[in-house]
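The next block is query07.pdb, given as PDB, C-alpha atoms.
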ATOM      1  CA  MET A 284      91.516 104.011  99.310
ATOM      2  CA  PHE A 285      95.028 105.480  99.759
ATOM      3  CA  GLU A 286      93.957 108.922  98.550
ATOM      4  CA  ALA A 287      90.949 108.900 100.886
ATOM      5  CA  ALA A 288      93.188 108.023 103.831
ATOM      6  CA  VAL A 289      95.599 110.845 102.951
ATOM      7  CA  ALA A 290      92.668 113.281 102.690
ATOM      8  CA  LYS A 291      91.500 112.294 106.188
ATOM      9  CA  LEU A 292      94.989 112.845 107.558
ATOM     10  CA  ARG A 293      95.166 116.285 105.957
ATOM     11  CA  GLU A 294      91.768 117.184 107.408
ATOM     12  CA  ALA A 295      93.088 116.195 110.844
ATOM     13  CA  GLY A 296      96.007 118.607 110.483
ATOM     14  CA  ALA A 297      98.745 116.462 108.974
ATOM     15  CA  THR A 298     101.078 118.024 106.458
ATOM     16  CA  VAL A 299     101.313 115.505 103.649
ATOM     17  CA  GLU A 300     103.855 116.092 100.931
ATOM     18  CA  GLU A 301     104.276 113.903  97.875
ATOM     19  CA  ARG A 302     107.901 112.893  97.366
ATOM     20  CA  GLU A 303     109.882 110.724  95.016
ATOM     21  CA  TRP A 304     112.443 108.442  96.589
ATOM     22  CA  ASP A 305     114.442 107.743  93.449
ATOM     23  CA  GLU A 306     117.145 105.678  95.111
ATOM     24  CA  LEU A 307     114.570 103.531  96.876
ATOM     25  CA  ASP A 308     112.187 103.344  93.946
ATOM     26  CA  SER A 309     114.946 101.579  92.107
ATOM     27  CA  ALA A 310     115.916  99.587  95.213
ATOM     28  CA  ASN A 311     118.180  97.090  93.667
ATOM     29  CA  TRP A 312     116.661  93.588  93.813
ATOM     30  CA  SER A 313     120.149  92.285  93.224
ATOM     31  CA  THR A 314     121.314  94.015  96.412
ATOM     32  CA  ILE A 315     118.361  92.723  98.411
ATOM     33  CA  ASN A 316     118.753  89.174  97.125
ATOM     34  CA  THR A 317     122.528  89.116  97.584
ATOM     35  CA  ILE A 318     122.160  90.030 101.259
ATOM     36  CA  LEU A 319     119.139  87.781 101.805
ATOM     37  CA  SER A 320     120.581  84.677 100.189
ATOM     38  CA  SER A 321     124.095  85.156 101.618
ATOM     39  CA  GLU A 322     122.719  85.459 105.132
ATOM     40  CA  ALA A 323     120.250  82.604 104.564
ATOM     41  CA  SER A 324     123.135  80.425 103.446
ATOM     42  CA  LEU A 325     125.083  81.131 106.611
ATOM     43  CA  ILE A 326     122.115  80.882 108.994
ATOM     44  CA  PHE A 327     120.149  78.028 107.426
ATOM     45  CA  GLY A 328     122.733  76.102 105.363
ATOM     46  CA  ASP A 329     123.286  73.448 108.001
ATOM     47  CA  LEU A 330     119.552  73.055 108.621
ATOM     48  CA  VAL A 331     118.836  72.546 104.907
ATOM     49  CA  GLU A 332     121.681  70.033 104.673
ATOM     50  CA  ARG A 333     120.507  68.038 107.707
ATOM     51  CA  TYR A 334     116.758  68.207 106.986
ATOM     52  CA  PRO A 335     116.190  68.598 103.249
ATOM     53  CA  ASP A 336     112.785  66.930 103.554
ATOM     54  CA  ARG A 337     111.693  69.470 106.177
ATOM     55  CA  THR A 338     112.748  72.659 104.431
ATOM     56  CA  SER A 339     110.961  74.518 101.674
ATOM     57  CA  ASP A 340     112.185  74.680  98.107
ATOM     58  CA  HIS A 341     112.336  78.469  98.515
ATOM     59  CA  LEU A 342     114.761  78.190 101.450
ATOM     60  CA  LYS A 343     116.837  75.555  99.658
ATOM     61  CA  LEU A 344     117.177  77.867  96.654
ATOM     62  CA  ALA A 345     118.106  80.850  98.845
ATOM     63  CA  VAL A 346     120.825  78.809 100.572
ATOM     64  CA  LYS A 347     122.140  77.537  97.247
ATOM     65  CA  ASP A 348     122.197  81.048  95.744
ATOM     66  CA  GLY A 349     123.866  82.461  98.848
ATOM     67  CA  LYS A 350     126.715  79.973  98.645
ATOM     68  CA  GLY A 351     127.369  81.259  95.136
ATOM     69  CA  HIS A 352     127.997  84.861  96.231
ATOM     70  CA  SER A 353     131.518  86.020  96.914
ATOM     71  CA  ALA A 354     132.447  87.948 100.036
ATOM     72  CA  PHE A 355     133.128  90.890  97.726
ATOM     73  CA  ALA A 356     129.556  90.786  96.356
ATOM     74  CA  TYR A 357     128.084  90.531  99.863
ATOM     75  CA  LEU A 358     130.178  93.396 101.231
ATOM     76  CA  GLY A 359     129.309  95.503  98.173
ATOM     77  CA  ALA A 360     125.602  94.896  98.804
ATOM     78  CA  LYS A 361     126.017  95.813 102.475
ATOM     79  CA  ALA A 362     127.743  99.072 101.438
ATOM     80  CA  ILE A 363     124.795  99.942  99.170
ATOM     81  CA  GLN A 364     122.444  99.117 102.048
ATOM     82  CA  GLU A 365     124.262 101.534 104.354
ATOM     83  CA  LYS A 366     124.336 104.266 101.692
ATOM     84  CA  LEU A 367     120.554 103.954 101.179
ATOM     85  CA  ARG A 368     119.948 103.876 104.934
ATOM     86  CA  SER A 369     121.930 107.084 105.476
ATOM     87  CA  ALA A 370     120.283 108.815 102.524
ATOM     88  CA  LEU A 371     116.782 108.027 103.793
ATOM     89  CA  SER A 372     117.538 109.360 107.259
ATOM     90  CA  GLY A 373     118.595 112.670 105.708
ATOM     91  CA  GLN A 374     115.638 112.806 103.332
ATOM     92  CA  MET A 375     113.196 112.143 106.187
ATOM     93  CA  SER A 376     114.463 115.050 108.251
ATOM     94  CA  GLY A 377     111.420 117.076 109.303
ATOM     95  CA  PHE A 378     108.965 114.241 108.592
ATOM     96  CA  ASP A 379     107.386 111.813 111.049
ATOM     97  CA  ALA A 380     106.754 109.029 108.550
ATOM     98  CA  ILE A 381     106.508 107.993 104.944
ATOM     99  CA  LEU A 382     103.053 106.851 103.853
ATOM    100  CA  THR A 383     102.792 104.275 101.118
ATOM    101  CA  VAL A 384     100.743 101.281 100.110
ATOM    102  CA  PRO A 385     102.053  97.966 101.442
ATOM    103  CA  ALA A 386     100.970  95.931  98.417
ATOM    104  CA  PHE A 387      99.559  96.206  94.909
ATOM    105  CA  GLY A 388      96.069  95.430  96.189
ATOM    106  CA  GLU A 389      94.229  92.608  97.856
ATOM    107  CA  ALA A 390      96.045  89.412  98.741
ATOM    108  CA  PRO A 391      96.139  86.784  96.010
ATOM    109  CA  GLU A 392      93.813  83.826  96.275
ATOM    110  CA  GLY A 393      95.117  80.691  97.958
ATOM    111  CA  LEU A 394      98.125  80.024 100.149
ATOM    112  CA  GLY A 395     100.747  79.246  97.514
ATOM    113  CA  TYR A 396     101.813  82.863  96.948
ATOM    114  CA  THR A 397     101.628  85.741  99.392
ATOM    115  CA  GLY A 398     101.998  88.512  96.835
ATOM    116  CA  ASP A 399     104.674  90.818  95.476
ATOM    117  CA  ALA A 400     107.055  92.315  98.055
ATOM    118  CA  GLU A 401     107.938  95.338  95.920
ATOM    119  CA  TYR A 402     106.438  97.927  98.280
ATOM    120  CA  CYS A 403     108.025  96.395 101.404
ATOM    121  CA  ALA A 404     111.428  95.418 100.033
ATOM    122  CA  PRO A 405     113.098  98.854 100.212
ATOM    123  CA  TRP A 406     112.243  99.226 103.893
ATOM    124  CA  THR A 407     113.378  95.700 104.642
ATOM    125  CA  LEU A 408     116.633  96.343 102.795
ATOM    126  CA  ILE A 409     117.518  99.379 104.884
ATOM    127  CA  GLY A 410     116.055  98.084 108.140
ATOM    128  CA  ALA A 411     113.526 100.893 108.423
ATOM    129  CA  PRO A 412     110.601 100.258 110.754
ATOM    130  CA  ALA A 413     107.300  99.857 108.939
ATOM    131  CA  VAL A 414     103.776  99.209 110.112
ATOM    132  CA  THR A 415     100.683  98.548 108.033
ATOM    133  CA  LEU A 416      97.390  99.836 109.351
ATOM    134  CA  PRO A 417      93.998  98.564 108.171
ATOM    135  CA  ALA A 418      92.315 101.162 105.998
ATOM    136  CA  GLY A 419      89.561  99.513 103.972
ATOM    137  CA  PHE A 420      88.444  96.604 101.862
ATOM    138  CA  GLY A 421      89.052  95.820  98.214
ATOM    139  CA  LYS A 422      86.591  94.681  95.567
ATOM    140  CA  LYS A 423      86.830  91.054  96.718
ATOM    141  CA  GLY A 424      86.167  92.028 100.329
ATOM    142  CA  LEU A 425      89.746  91.454 101.440
ATOM    143  CA  PRO A 426      91.517  93.997 103.651
ATOM    144  CA  LEU A 427      93.681  96.820 102.343
ATOM    145  CA  GLY A 428      96.103  98.892 104.342
ATOM    146  CA  ILE A 429      98.223 101.990 104.467
ATOM    147  CA  GLN A 430     101.877 101.579 105.398
ATOM    148  CA  ALA A 431     103.765 104.032 107.580
ATOM    149  CA  VAL A 432     107.559 103.875 107.453
ATOM    150  CA  GLY A 433     110.036 105.550 109.760
ATOM    151  CA  ALA A 434     113.710 106.387 109.652
ATOM    152  CA  TYR A 435     116.246 103.737 110.610
ATOM    153  CA  ARG A 436     116.195 103.024 114.349
ATOM    154  CA  GLN A 437     113.276 105.392 114.892
ATOM    155  CA  ASP A 438     110.784 102.662 115.795
ATOM    156  CA  TYR A 439     109.236 104.470 118.760
ATOM    157  CA  ARG A 440     108.731 107.647 116.765
ATOM    158  CA  LEU A 441     107.069 105.657 113.987
ATOM    159  CA  LEU A 442     104.793 103.819 116.404
ATOM    160  CA  ARG A 443     103.639 107.142 117.876
ATOM    161  CA  ALA A 444     102.857 108.436 114.383
ATOM    162  CA  ALA A 445     101.124 105.158 113.458
ATOM    163  CA  LYS A 446      98.947 105.339 116.568
ATOM    164  CA  TRP A 447      97.870 108.849 115.575
ATOM    165  CA  ILE A 448      97.212 107.779 111.966
ATOM    166  CA  GLU A 449      95.149 104.809 113.142
ATOM    167  CA  GLY A 450      93.058 107.074 115.366
ATOM    168  CA  VAL A 451      92.445 109.555 112.561
ATOM    169  CA  LEU A 452      91.500 106.871 110.048
ATOM    170  CA  GLY A 453      89.147 105.304 112.575
ATOM    171  CA  PHE A 454      88.774 102.211 110.433
ATOM    172  CA  ASP A 455      86.498  99.611 111.989
ATOM    173  CA  PRO A 456      86.465  96.386 109.998
ATOM    174  CA  GLY A 457      83.472  95.068 111.905
ATOM    175  CA  LEU A 458      83.003  91.425 112.703
ATOM    176  CA  PRO A 459      84.196  88.883 110.166
ATOM    177  CA  LYS A 460      81.539  87.195 108.094
ATOM    178  CA  ILE A 461      81.224  83.518 108.906
ATOM    179  CA  ALA A 462      80.058  81.275 106.125
ATOM    180  CA  SER A 463      77.313  78.889 107.118
ATOM    181  CA  ALA A 464      78.256  75.217 107.246
ATOM    182  CA  LYS A 465      76.562  73.107 104.625
TER     183      LYS A 465
END
Now that the file is in, can you turn its structure into structure tokens?
Amino acid sequence: MFEAAVAKLREAGATVEEREWDELDSANWSTINTILSSEASLIFGDLVERYPDRTSDHLKLAVKDGKGHSAFAYLGAKAIQEKLRSALSGQMSGFDAILTVPAFGEAPEGLGYTGDAEYCAPWTLIGAPAVTLPAGFGKKGLPLGIQAVGAYRQDYRLLRAAKWIEGVLGFDPGLPKIASAK
């Protein structure tokens, strides 16, 4: 599906260049989780303490982990975040967007797990704008997408590119199938 979408974009006049983003490919989960849990601890710590029966186990764990990080660890993670953010802006010079898949495939079954965040985590870490556009269906009939990512604070530019990409792909999912009531 991704390759077909890229082919359509090329046919429409886009210059698509395959690149490796080594620093982001190895986006440090430790860095992401240090920032996430430290900030969760500060923002949600009081809420979890006051309403433990109304907060998820995931949030409780994030708050607990965040309280365990030192200021030095948090500031070190923020420095890595800024370094990655600056590097991406330079590497994107001359490009409108990065195209990537937003997930490993179709969403997992059920509501207990939303899937692996590996393809979205680097962009979240550096605060880059990202938008996922519908591009097809997987083997189970669930939607698949193509993700466009822009440089930090270049949201408008990314949205313009995403609008063009969406028009070129011309994906029409049709009407949803409604199961008959039994």
Identify all residues satisfying the PyMOL selection byres ((chain A and resi 291-298) around 8) in the given file; provide them as JSON, numbers by chain.
{"A": [287, 288, 289, 290, 299, 300, 448, 451, 452]}
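Applied to the file shown here, the PyMOL selection byres ((chain A and resi 423) around 12) selects the residues Gly388, Glu389, Ala390, Pro391, Glu392, Gly419, Phe420, Gly421, Lys422, Gly424, Leu425, Pro426 and Leu427 of chain A.
All residues of protein, DNA or RNA that reach within 10 Å of Gly328 of chain A, judged by only C-alpha atoms and not counting those fewer than 3 positions away in the chain, are Ser321, Glu322, Ala323, Ser324, Leu325, Val331, Glu332, Arg333, Leu342, Lys343, Ala345, Val346, Lys347, Gly349 and Lys350 of chain A.
The gap separating atom CA of Gly410 of chain A from atom CA of Tyr357 of chain A is 16.4 Å, in Å to one decimal.
Across A:Tyr439, A:Ile318, A:Gln374, A:Gly395, the tightest approach to Ala356 of chain A is made by A:Ile318 when counting all atoms listed in the file.
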For this structure, which residues satisfy the selection - the PyMOL selection byres ((chain A and resi 363) around 12) - when it is evaluated on the file as given? I want them as a ChimeraX atom specification.
/A:306-307,310-315,317-318,356-362,364-370,405,408-409
With C-alpha atoms retained, write the just-selected residues as a PDB file, in the coordinates of the input.
ATOM      1  CA  GLU A 306     117.145 105.678  95.111  1.00  0.00           C
ATOM      2  CA  LEU A 307     114.570 103.531  96.876  1.00  0.00           C
ATOM      3  CA  ALA A 310     115.916  99.587  95.213  1.00  0.00           C
ATOM      4  CA  ASN A 311     118.180  97.090  93.667  1.00  0.00           C
ATOM      5  CA  TRP A 312     116.661  93.588  93.813  1.00  0.00           C
ATOM      6  CA  SER A 313     120.149  92.285  93.224  1.00  0.00           C
ATOM      7  CA  THR A 314     121.314  94.015  96.412  1.00  0.00           C
ATOM      8  CA  ILE A 315     118.361  92.723  98.411  1.00  0.00           C
ATOM      9  CA  THR A 317     122.528  89.116  97.584  1.00  0.00           C
ATOM     10  CA  ILE A 318     122.160  90.030 101.259  1.00  0.00           C
ATOM     11  CA  ALA A 356     129.556  90.786  96.356  1.00  0.00           C
ATOM     12  CA  TYR A 357     128.084  90.531  99.863  1.00  0.00           C
ATOM     13  CA  LEU A 358     130.178  93.396 101.231  1.00  0.00           C
ATOM     14  CA  GLY A 359     129.309  95.503  98.173  1.00  0.00           C
ATOM     15  CA  ALA A 360     125.602  94.896  98.804  1.00  0.00           C
ATOM     16  CA  LYS A 361     126.017  95.813 102.475  1.00  0.00           C
ATOM     17  CA  ALA A 362     127.743  99.072 101.438  1.00  0.00           C
ATOM     18  CA  GLN A 364     122.444  99.117 102.048  1.00  0.00           C
ATOM     19  CA  GLU A 365     124.262 101.534 104.354  1.00  0.00           C
ATOM     20  CA  LYS A 366     124.336 104.266 101.692  1.00  0.00           C
ATOM     21  CA  LEU A 367     120.554 103.954 101.179  1.00  0.00           C
ATOM     22  CA  ARG A 368     119.948 103.876 104.934  1.00  0.00           C
ATOM     23  CA  SER A 369     121.930 107.084 105.476  1.00  0.00           C
ATOM     24  CA  ALA A 370     120.283 108.815 102.524  1.00  0.00           C
ATOM     25  CA  PRO A 405     113.098  98.854 100.212  1.00  0.00           C
ATOM     26  CA  LEU A 408     116.633  96.343 102.795  1.00  0.00           C
ATOM     27  CA  ILE A 409     117.518  99.379 104.884  1.00  0.00           C
TER      28      ILE A 409
END
Atom CA of Phe327 of chain A to atom CA of Glu401 of chain A: how many Å, to one decimal?
24.1 Å
Could you jot down the atom CA of Ser320 of chain A to atom CA of Thr338 of chain A separation for me, Å, one decimal place?
15.0 Å
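Among the candidate residues A:Met284, A:Leu382, A:Asn316, A:Arg443, the one lying nearest to Leu344 of chain A is A:Asn316, with distances computed using all atoms listed in the file.
Among A:Thr407, A:Gln437, A:Gln430, A:Thr383, the residue with the shortest atom-to-atom distance to Arg302 of chain A, counting all atoms listed in the file, is A:Thr383.
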Calculate, to one decimal in Å, the centre and edge lengths of the box along x, y and z of the file that holds all listed atoms of segment 394-400 of chain A with 5 Å of margin on each side, and present them as JSON.
{"center_x": 102.6, "center_y": 85.8, "center_z": 97.8, "size_x": 18.9, "size_y": 23.1, "size_z": 14.7}
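Among the candidates A:Leu330, A:Ala411, A:Met375, A:Leu416, the one nearest to Glu449 of chain A when counting all atoms listed in the file is A:Leu416.
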Excluding Ala445 of chain A and residues on its chain fewer than 5 positions from it, collect all residues at most 9 Å away from it, counting only C-alpha atoms, and give them as a ChimeraX atom specification.
/A:380,414-416,430-432,440,450
Prev. selection, C-alpha atoms, output as a JSON list (two decimals), keeping the file's coordinate frame:
[["chain", "number", "residue", "atom", "x", "y", "z"],
["A", 380, "ALA", "CA", 106.75, 109.03, 108.55],
["A", 414, "VAL", "CA", 103.78, 99.21, 110.11],
["A", 415, "THR", "CA", 100.68, 98.55, 108.03],
["A", 416, "LEU", "CA", 97.39, 99.84, 109.35],
["A", 430, "GLN", "CA", 101.88, 101.58, 105.40],
["A", 431, "ALA", "CA", 103.76, 104.03, 107.58],
["A", 432, "VAL", "CA", 107.56, 103.88, 107.45],
["A", 440, "ARG", "CA", 108.73, 107.65, 116.76],
["A", 450, "GLY", "CA", 93.06, 107.07, 115.37]]
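When the distance limit is 8 Å and all atoms listed in the file are what count, the residues near Tyr402 of chain A, minus those fewer than 5 positions from it on the same chain, are Thr383, Val384, Pro385, Ala386 and Phe387 of chain A.
Of the residues under consideration (A:Glu286, A:Leu394, A:Trp406, A:Asp340), A:Trp406 shows the shortest atom-to-atom contact distance to Trp304 of chain A when counting all atoms listed in the file.
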